[in-house]
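A quick write-up on the structure given underneath.
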2 protein chains.
Amino acid sequence: MTNAFETSPLYPIANPRSIAFLGASNSLATMGTNILRPIMMFGYTGKIYPVHRSETEVQGLTAYRSVMDLPEIPDLAFIVLPTHIVCQALEECGKKGIRSAVIVSAGFGEIGGEGKQLQHELLAIARKYDIRFMGPNCIGVVNPHRQFNATIMPYETVNGFIGIASQSGSFVTQMFEFLKRFGLGFSTGFSLGNEADLDMVDALAYLGACPHTKVIALYVESIRRGREFIDVARSVTPHKPVVAFYVGGTEGGKRACLSHTGALAGSDKLYDGVFRQSGIIRARSIEEMFDFCFALGASPLPKGNRVVIQTHSGGPGAAAADSCSRAGVTLPSLSRESKDRLAEFMPHTASSANPVDITYNKRPLDYFSAFPKILLEDDNTDILLAYYLVSERSVRRVLLRMDMPEDEINTLARQLIDQQCDSIAGLLENYKKPIIGYSFHTRDNLFVRGLQDRNVPIMPSPERAGRAAGALVMYRDLRNKILGSEPSD
Amino acid sequence: MTNAFETSPLYPIANPRSIAFLGASNSLATMGTNILRPIMMFGYTGKIYPVHRSETEVQGLTAYRSVMDLPEIPDLAFIVLPTHIVCQALEECGKKGIRSAVIVSAGFGEIGGEGKQLQHELLAIARKYDIRFMGPNCIGVVNPHRQFNATIMPYETVNGFIGIASQSGSFVTQMFEFLKRFGLGFSTGFSLGNEADLDMVDALAYLGACPHTKVIALYVESIRRGREFIDVARSVTPHKPVVAFYVGGTEGGKRACLSHTGALAGSDKLYDGVFRQSGIIRARSIEEMFDFCFALGASPLPKGNRVVIQTHSGGPGAAAADSCSRAGVTLPSLSRESKDRLAEFMPHTASSANPVDITYNKRPLDYFSAFPKILLEDDNTDILLAYYLVSERSVRRVLLRMDMPEDEINTLARQLIDQQCDSIAGLLENYKKPIIGYSFHTRDNLFVRGLQDRNVPIMPSPERAGRAAGALVMYRDLRNKILGSEPSD
């Protein structure tokens with residue numbers, strides 16, 4: 001595995017020890033400069049060699065007049081030059097002995113006509129010099145585990161476990177901030193652009209072998225090598241879930257893909273078949289792709305398809321139940337024993353049907369220990385879905401009854417919240433059953449943040465939680481089908 | 001209309017001049033207290049008369065031993081008492097002459113058996129004294145336009161234009177914070193509970209006539225008076241859009257509804273039919289319900305079903321196009337004239353197909369003026385969908401090139417953003433065509449906030465924008481069908 005990882009043609013692209021940077025300057029008006037700066041800001045520890053025709057220094061780094069002048073052969077050439085001089089630049093890189101490149105420049109295959117011709121030339125030069133490259137018309141690469149962010153956006157979230165290969169740069173870079181809102185981040189992200197050379201198949205193989213990647217997200221406008229894609233995917237999905245968001249299946253989507261990356265998209269039905277055969281879960285939106293990645297990357301494999309819902313409010317419980325049913329999971333009844341155990345805690349207005357609706361509970365903290373423990377211990381539960389809507393305010397309200405000074409209350413409230421988040425994380429660890437939370441609160445809420453930071457997926461709505469549970473069950477089923485037998489655990 | 005509004009049995013519930021409050025105390029451990037406090041905190045200007053067996057003061061207000069002792073006949077009785085004394089309390093309210101009540105207490109119809117019996121008694125007492133009431137098993141009512149918030153959550157967002165009638169209290173109260181994240185708020189919200197007396201039909205009629213309400217959201221577990229519902233809805237929907245989220249259509253949802261409000265839910269097909277006949281748009285999640293409400297409440301009626309997408313990034317453009325196609329809207333080609341006009345602004349890598357993809361643009365501010373103007377002036381455009389991902393950072397970056405001092409740049413950046421938001425709001429006003437924005441930024445971003453505050457709906461993802469555009473077109477179609485002719489505008 002490690003070998004497949006380090007020998008991948010994408011390895012030097014995501015883990016370069018040194019970079020020749022072509023296209024940055026001392027002006028902030030160029031795109032090159034706007035990629036070089038995030039690389040420097042994020043604390044990249046390798047060498048960067050800016051290449052510039054006239055400047056002796058670029059963004060404070062020593063600049064070189066030509067690639068040929070560089071003091072070593074860098075691992076990677078990063079090219080953000082005007083379209084018409086890209087071929088010539090790549091040729092020079094080849095002559096220097098550079099064997100990996102990222103080509104951000106656009107104006108190739110995606111515009112058709114002479115752009116297509118230019119892309120053919122690019123590829124011919126690469127072949128001649130044994131260069132493997134990503135792009136053109138891409139936005140770069142990010143590998144937070146190497147402090148390496150060669151994109152136009154600053155990377156300000158955690159080193160994550162989601163690997164992404166995307167035929168749109170925005171669905172890498174714009175997701176930095178998006179993922180931060182869930183306490184998530186990328187393990188590695190590739191913006192593949194026009195895939196003139198390295199493509200989705202290569203990226204999938206790399207991420208499949210990458211030790212930091214627990215789950216893989218694919219943004220797909222078109223798969224260029226169908227047979228190879230399925231083969232590689234089938235080798236990855238039994239040990240690592242893959243989620244794909246495909247947008248080319250409608251008339252509107254298809255035309256958009258054509259003008260974006262020159263991709264010839266296929267029908268929904270075709271792609272559904274490819275994904276199913278590959279063991280890949282299809283998401284229906286960007287938000288859903290990352291919801292699924294959170295749930296799949298953070299959860300143990302469920303033993304079956306039975307979901308128990310814990311709520312303290314009927315509507316969010318019913319909405320989750322409806323969504324679970326639509327997502328193809330089962331909502332079992334609890335065992336007699338569990339119902340008896342719950343009865344001790346529940347008011348007469350509560351329901352121990354599934355959803356288990358605790359209604360108004362005077363000890364909101366039971367929500368994080370006593371209740372989920374009973375539900376997880378029930379043999380009928382494969383997955384627990386829990387509506388968590390406990391705010392600092394409500395914890396403080398409980399403490400206020402104890403007649404304590406205000407500042408002690410604040411400290412104690414935070415401690416209690418921490419303990420309860422630990423409690424849930426402990427249950428996840430002990431019972432090895434997936435727990436998916438949902439809440440209308442965001443990460444500004446200490447419970448939501450505490451749980452997410454302990455790798456408990458908290459979804460922003462009942463429907464998204466229900467669908468995430470569905471994704472876990474779907475992954476189990478697809479995986480079993482590929483393995484041809486029940487999993488050993 | 002105003003008459004139907006003020007004579008509605010829900011009028012004194014949402015606009016009481018005085019309230020008898022039964023069930024609050026000086027302890028924070030009771031639910032009653034936790035509803036009384038938000039009423040007081042939000043600045044309610046009417047009289048509040050707490051009724052308490054032993055205390056002479058409750059939360060700083062003069063308390064009365066019995067409803068009979070009150071110095072006037074209040075408009076409304078608000079009851080949060082233990083289940084077994086609710087009937088007796090309502091009887092006293094009747095004797096006093098009170099004609100409106102909200103009953104929050106639970107343990108009635110929703111638990112079956114003796115609860116059902118108790119609910120029958122409650123209704124008999126109400127009939128005897130001509131009392132109309134909301135509940136039991138509800139969470140209260142909110143009318144920010146009257147500074148009136150009788151629920152357990154503080155109301156901290158704007159006085160909004162969304163009216164909601166909900167068979168779940170959470171989908172009223174938990175939405176305060178949710179809506180705030182979009183700069184939205186409620187005009188009035190009813191938590192209907194078990195609907196022993198006043199129900200969804202009454203609430204729909206009230207909100208249909210309410211002058212502050214531009215769009216109506218319904219959370220539905222079951223419609224108890226089908227015929228009346230359709231009749232009232234058909235009188236409302238031609239002049240005010242209604243969006244419903246129904247969760248009883250699956251096996252899981254149906255069982256959950258039964259134990260939540262004792263509702264007997266019907267099949268998806270049945271409810272689809274009811275909604276279609278009523279001119280109501282069905283949403284598939286809570287998030288979607290409010291997305292649709294934002295778009296429908298803030299937008300003019302589109303003239304047709306043709307959507308033009310403006311983007312500066314291929315992926316978010318393609319995802320929106322795919323989503324539009326799925327939502328049943330058309331993506332027309334632009335006119336020759338528009339293409340020529342766009343050509344002046346666009347780099348050679350850009351595409352004037354639909355999506356119009358401007359790609360990398362050195363003057364990001366054109367995005368808010370020149371581009372949308374051309375697209376809105378095209379006769380083929382009925383609705384404009386625009387991907388707005390301009391950050392303060394990028395505006396500052398443009399300004400930095402002008403070599404200005406840092407503090408001037410910050411001020412200027414904010415002014416520019418304000419101007420550009422004004423520009424979009426002006427285009428919306430001038431061209432009377434819906435503009436739906438989308439962005440992965442949230443309201444923390446000044447552009448997003450500025451646009452939302454100017455009533456431009458900004459959705460959090462391409463798919464949600466596409467579906468919101470679909471909702472506009474669907475509303476137009478349903479409305480036309482009910483009116484039996486093309487609209488006059």
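Each chain in the structure tokens gets a letter, A, B and so on, in the order shown; residues start at 1 in every chain, and ligands are counted from 1 in the order they appear.
Every residue of stretch 168-342 of chain B with a DSSP assignment of strand (DSSP E), taken from the backbone, is listed as Phe186, Ser187, Thr188, Gly189, Phe190, Ser191, Val215, Ile216, Ala217, Leu218, Tyr219, Val220, Val242, Val243, Ala244, Phe245, Tyr246, Ile281, Arg282, Ala283, Val307, Val308, Ile309, Gln310 and Thr311 of chain B.
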Write out as a PyMOL selection string each polymer residue whose atoms come within 7 Å of B:Pro300, counting only C-alpha atoms; drop sequence neighbours fewer than 5 positions from it. chain B and resi 432-434
Could you give me, as JSON lines, every chain B residue with an atom at most 7 Å from chain A, plus its closest atom pair and distance in Å to one decimal, counting only C-alpha atoms, rows ordered by chain then number?
```
{"residue": "B:Leu28", "atom": "CA", "partner": "A:Arg401", "partner_atom": "CA", "distance": 6.4}
{"residue": "B:Ala29", "atom": "CA", "partner": "A:Arg401", "partner_atom": "CA", "distance": 6.9}
{"residue": "B:Ala106", "atom": "CA", "partner": "A:Thr349", "partner_atom": "CA", "distance": 6.4}
{"residue": "B:Gly107", "atom": "CA", "partner": "A:Thr349", "partner_atom": "CA", "distance": 5.0}
{"residue": "B:Ile111", "atom": "CA", "partner": "A:Thr349", "partner_atom": "CA", "distance": 6.5}
{"residue": "B:Ser168", "atom": "CA", "partner": "A:Gly315", "partner_atom": "CA", "distance": 4.8}
{"residue": "B:Ser170", "atom": "CA", "partner": "A:Gly315", "partner_atom": "CA", "distance": 6.5}
{"residue": "B:Phe171", "atom": "CA", "partner": "A:Gly315", "partner_atom": "CA", "distance": 6.8}
{"residue": "B:Gln174", "atom": "CA", "partner": "A:Phe440", "partner_atom": "CA", "distance": 6.8}
{"residue": "B:Phe178", "atom": "CA", "partner": "A:Phe440", "partner_atom": "CA", "distance": 6.6}
{"residue": "B:Val247", "atom": "CA", "partner": "A:Asp322", "partner_atom": "CA", "distance": 5.6}
{"residue": "B:Gly248", "atom": "CA", "partner": "A:Asp322", "partner_atom": "CA", "distance": 6.8}
{"residue": "B:Thr250", "atom": "CA", "partner": "A:Asp322", "partner_atom": "CA", "distance": 5.7}
{"residue": "B:Glu251", "atom": "CA", "partner": "A:Ser325", "partner_atom": "CA", "distance": 6.7}
{"residue": "B:Gly252", "atom": "CA", "partner": "A:Ala321", "partner_atom": "CA", "distance": 4.9}
{"residue": "B:Gly253", "atom": "CA", "partner": "A:Asp322", "partner_atom": "CA", "distance": 3.9}
{"residue": "B:Ala256", "atom": "CA", "partner": "A:Ala318", "partner_atom": "CA", "distance": 4.9}
{"residue": "B:Cys257", "atom": "CA", "partner": "A:Ala318", "partner_atom": "CA", "distance": 6.0}
{"residue": "B:Ser259", "atom": "CA", "partner": "A:Ser351", "partner_atom": "CA", "distance": 6.7}
{"residue": "B:His260", "atom": "CA", "partner": "A:Gly314", "partner_atom": "CA", "distance": 5.2}
{"residue": "B:Ser285", "atom": "CA", "partner": "A:Glu463", "partner_atom": "CA", "distance": 6.1}
{"residue": "B:Ser313", "atom": "CA", "partner": "A:Ser170", "partner_atom": "CA", "distance": 6.6}
{"residue": "B:Gly314", "atom": "CA", "partner": "A:His260", "partner_atom": "CA", "distance": 5.2}
{"residue": "B:Gly315", "atom": "CA", "partner": "A:Ser168", "partner_atom": "CA", "distance": 4.8}
{"residue": "B:Ala318", "atom": "CA", "partner": "A:Ala256", "partner_atom": "CA", "distance": 4.9}
{"residue": "B:Ala319", "atom": "CA", "partner": "A:Val247", "partner_atom": "CA", "distance": 5.7}
{"residue": "B:Ala321", "atom": "CA", "partner": "A:Gly252", "partner_atom": "CA", "distance": 4.9}
{"residue": "B:Asp322", "atom": "CA", "partner": "A:Gly253", "partner_atom": "CA", "distance": 3.9}
{"residue": "B:Ser325", "atom": "CA", "partner": "A:Gly252", "partner_atom": "CA", "distance": 5.5}
{"residue": "B:Leu331", "atom": "CA", "partner": "A:Gly252", "partner_atom": "CA", "distance": 6.5}
{"residue": "B:Thr349", "atom": "CA", "partner": "A:Gly107", "partner_atom": "CA", "distance": 5.1}
{"residue": "B:Ser351", "atom": "CA", "partner": "A:Ser259", "partner_atom": "CA", "distance": 6.7}
{"residue": "B:Pro355", "atom": "CA", "partner": "A:Ala256", "partner_atom": "CA", "distance": 6.2}
{"residue": "B:Arg401", "atom": "CA", "partner": "A:Leu28", "partner_atom": "CA", "distance": 6.5}
{"residue": "B:Phe440", "atom": "CA", "partner": "A:Phe178", "partner_atom": "CA", "distance": 6.6}
{"residue": "B:Glu463", "atom": "CA", "partner": "A:Ser285", "partner_atom": "CA", "distance": 6.1}
```
Run DSSP on the backbone and give me the residues of stretch 55-282 of chain A it puts in alpha helix (DSSP H), as a PDB file with C-alpha atoms, in the first residue's frame.
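Wrote it out as states_31.pdb, contents follow:
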```pdb
ATOM      1  CA  VAL A  86       3.002  26.989 -21.587  1.00  0.00           C
ATOM      2  CA  CYS A  87       4.257  24.427 -24.115  1.00  0.00           C
ATOM      3  CA  GLN A  88       7.612  26.093 -24.373  1.00  0.00           C
ATOM      4  CA  ALA A  89       7.883  26.253 -20.584  1.00  0.00           C
ATOM      5  CA  LEU A  90       7.062  22.563 -20.232  1.00  0.00           C
ATOM      6  CA  GLU A  91       9.681  21.750 -22.828  1.00  0.00           C
ATOM      7  CA  GLU A  92      12.290  23.599 -20.767  1.00  0.00           C
ATOM      8  CA  CYS A  93      11.194  21.756 -17.630  1.00  0.00           C
ATOM      9  CA  GLY A  94      11.660  18.511 -19.508  1.00  0.00           C
ATOM     10  CA  LYS A  95      15.115  19.499 -20.636  1.00  0.00           C
ATOM     11  CA  LYS A  96      16.052  20.375 -17.089  1.00  0.00           C
ATOM     12  CA  GLY A 113     -10.472  24.227 -31.657  1.00  0.00           C
ATOM     13  CA  GLU A 114      -6.926  25.514 -31.331  1.00  0.00           C
ATOM     14  CA  GLY A 115      -7.102  24.958 -27.577  1.00  0.00           C
ATOM     15  CA  LYS A 116      -7.509  21.259 -28.240  1.00  0.00           C
ATOM     16  CA  GLN A 117      -4.530  21.341 -30.576  1.00  0.00           C
ATOM     17  CA  LEU A 118      -2.435  23.079 -27.953  1.00  0.00           C
ATOM     18  CA  GLN A 119      -3.399  20.422 -25.395  1.00  0.00           C
ATOM     19  CA  HIS A 120      -2.206  17.705 -27.800  1.00  0.00           C
ATOM     20  CA  GLU A 121       1.135  19.491 -28.098  1.00  0.00           C
ATOM     21  CA  LEU A 122       1.400  19.740 -24.334  1.00  0.00           C
ATOM     22  CA  LEU A 123       0.846  16.034 -23.967  1.00  0.00           C
ATOM     23  CA  ALA A 124       3.385  15.242 -26.699  1.00  0.00           C
ATOM     24  CA  ILE A 125       6.044  17.272 -24.921  1.00  0.00           C
ATOM     25  CA  ALA A 126       5.239  15.530 -21.624  1.00  0.00           C
ATOM     26  CA  ARG A 127       5.535  12.106 -23.254  1.00  0.00           C
ATOM     27  CA  LYS A 128       8.827  13.071 -24.858  1.00  0.00           C
ATOM     28  CA  TYR A 129      10.374  13.964 -21.502  1.00  0.00           C
ATOM     29  CA  SER A 170     -13.811  25.453  -6.724  1.00  0.00           C
ATOM     30  CA  PHE A 171     -14.972  22.186  -5.230  1.00  0.00           C
ATOM     31  CA  VAL A 172     -11.523  21.908  -3.699  1.00  0.00           C
ATOM     32  CA  THR A 173     -10.691  25.469  -2.696  1.00  0.00           C
ATOM     33  CA  GLN A 174     -14.154  26.769  -1.810  1.00  0.00           C
ATOM     34  CA  MET A 175     -14.568  23.737   0.398  1.00  0.00           C
ATOM     35  CA  PHE A 176     -11.777  24.804   2.755  1.00  0.00           C
ATOM     36  CA  GLU A 177     -14.118  27.250   4.459  1.00  0.00           C
ATOM     37  CA  PHE A 178     -17.124  24.970   4.010  1.00  0.00           C
ATOM     38  CA  LEU A 179     -15.434  22.019   5.746  1.00  0.00           C
ATOM     39  CA  LYS A 180     -14.196  24.255   8.528  1.00  0.00           C
ATOM     40  CA  MET A 200      -9.525  10.724 -11.869  1.00  0.00           C
ATOM     41  CA  VAL A 201      -8.299   7.129 -12.031  1.00  0.00           C
ATOM     42  CA  ASP A 202      -4.787   8.108 -10.917  1.00  0.00           C
ATOM     43  CA  ALA A 203      -6.145  10.308  -8.162  1.00  0.00           C
ATOM     44  CA  LEU A 204      -8.465   7.582  -6.908  1.00  0.00           C
ATOM     45  CA  ALA A 205      -5.564   5.104  -6.746  1.00  0.00           C
ATOM     46  CA  TYR A 206      -3.385   7.624  -4.917  1.00  0.00           C
ATOM     47  CA  LEU A 207      -6.051   8.550  -2.360  1.00  0.00           C
ATOM     48  CA  GLY A 208      -6.943   4.880  -1.927  1.00  0.00           C
ATOM     49  CA  ALA A 209      -3.365   4.256  -0.818  1.00  0.00           C
ATOM     50  CA  GLY A 226     -14.328   3.796 -17.572  1.00  0.00           C
ATOM     51  CA  ARG A 227     -12.850   0.295 -17.381  1.00  0.00           C
ATOM     52  CA  GLU A 228      -9.777   1.397 -15.422  1.00  0.00           C
ATOM     53  CA  PHE A 229     -11.918   3.552 -13.156  1.00  0.00           C
ATOM     54  CA  ILE A 230     -14.097   0.602 -12.162  1.00  0.00           C
ATOM     55  CA  ASP A 231     -11.084  -1.653 -11.603  1.00  0.00           C
ATOM     56  CA  VAL A 232      -9.270   0.813  -9.391  1.00  0.00           C
ATOM     57  CA  ALA A 233     -12.446   1.736  -7.512  1.00  0.00           C
ATOM     58  CA  ARG A 234     -13.215  -1.925  -6.795  1.00  0.00           C
ATOM     59  CA  SER A 235      -9.789  -2.311  -5.250  1.00  0.00           C
ATOM     60  CA  VAL A 236     -10.305   0.782  -3.076  1.00  0.00           C
ATOM     61  CA  GLU A 251     -29.250  18.142 -20.404  1.00  0.00           C
ATOM     62  CA  GLY A 252     -28.234  21.298 -18.526  1.00  0.00           C
ATOM     63  CA  GLY A 253     -25.442  19.593 -16.628  1.00  0.00           C
ATOM     64  CA  LYS A 254     -24.086  17.930 -19.752  1.00  0.00           C
ATOM     65  CA  ARG A 255     -23.780  21.168 -21.697  1.00  0.00           C
ATOM     66  CA  ALA A 256     -22.187  22.914 -18.726  1.00  0.00           C
ATOM     67  CA  CYS A 257     -19.572  20.164 -18.384  1.00  0.00           C
ATOM     68  CA  LEU A 258     -18.692  20.415 -22.047  1.00  0.00           C
ATOM     69  CA  SER A 259     -17.817  24.083 -21.827  1.00  0.00           C
ATOM     70  CA  HIS A 260     -16.139  23.713 -18.448  1.00  0.00           C
ATOM     71  CA  THR A 261     -13.586  20.938 -18.957  1.00  0.00           C
ATOM     72  CA  ASP A 268     -27.466   9.322 -15.194  1.00  0.00           C
ATOM     73  CA  LYS A 269     -28.282   5.683 -15.750  1.00  0.00           C
ATOM     74  CA  LEU A 270     -24.858   4.930 -17.163  1.00  0.00           C
ATOM     75  CA  TYR A 271     -23.095   6.617 -14.273  1.00  0.00           C
ATOM     76  CA  ASP A 272     -25.381   5.047 -11.675  1.00  0.00           C
ATOM     77  CA  GLY A 273     -24.300   1.699 -13.090  1.00  0.00           C
ATOM     78  CA  VAL A 274     -20.608   2.582 -13.054  1.00  0.00           C
ATOM     79  CA  PHE A 275     -20.794   3.791  -9.468  1.00  0.00           C
ATOM     80  CA  ARG A 276     -22.768   0.789  -8.251  1.00  0.00           C
ATOM     81  CA  GLN A 277     -20.398  -1.632  -9.914  1.00  0.00           C
ATOM     82  CA  SER A 278     -17.487   0.243  -8.366  1.00  0.00           C
TER      83      SER A 278
END
```
May I ask which of the residues A:Tyr64, A:Tyr388, A:Phe78, A:Tyr438 is the closest one to A:Ile35, counting only C-alpha atoms? A:Phe78
Can you measure atom CA of B:Asn194 to atom CA of B:Gly112 for me? One decimal in Å is fine.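 Calculated distance between atom CA of B:Asn194 and atom CA of B:Gly112 is 11.6 Å.
Residue nearest A:Ser394 within the list A:Arg363, A:Gly297, A:Cys421, A:Ile374: A:Arg363 [criterion: smallest interatomic distance, only C-alpha atoms].
The interatomic distance for the pair atom CA of B:Pro12 and atom CA of B:Ser100 works out to 6.7 Å.
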Any idea what's packed within 9 Å of B:Lys240, counting only C-alpha atoms, ignoring anything in its chain fewer than 5 positions away? Could you give it as number ranges by chain? B: 208, 213-216, 296-297
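The space between atom CA of A:Ala101 and atom CA of A:Ala77 spans 4.5 Å.
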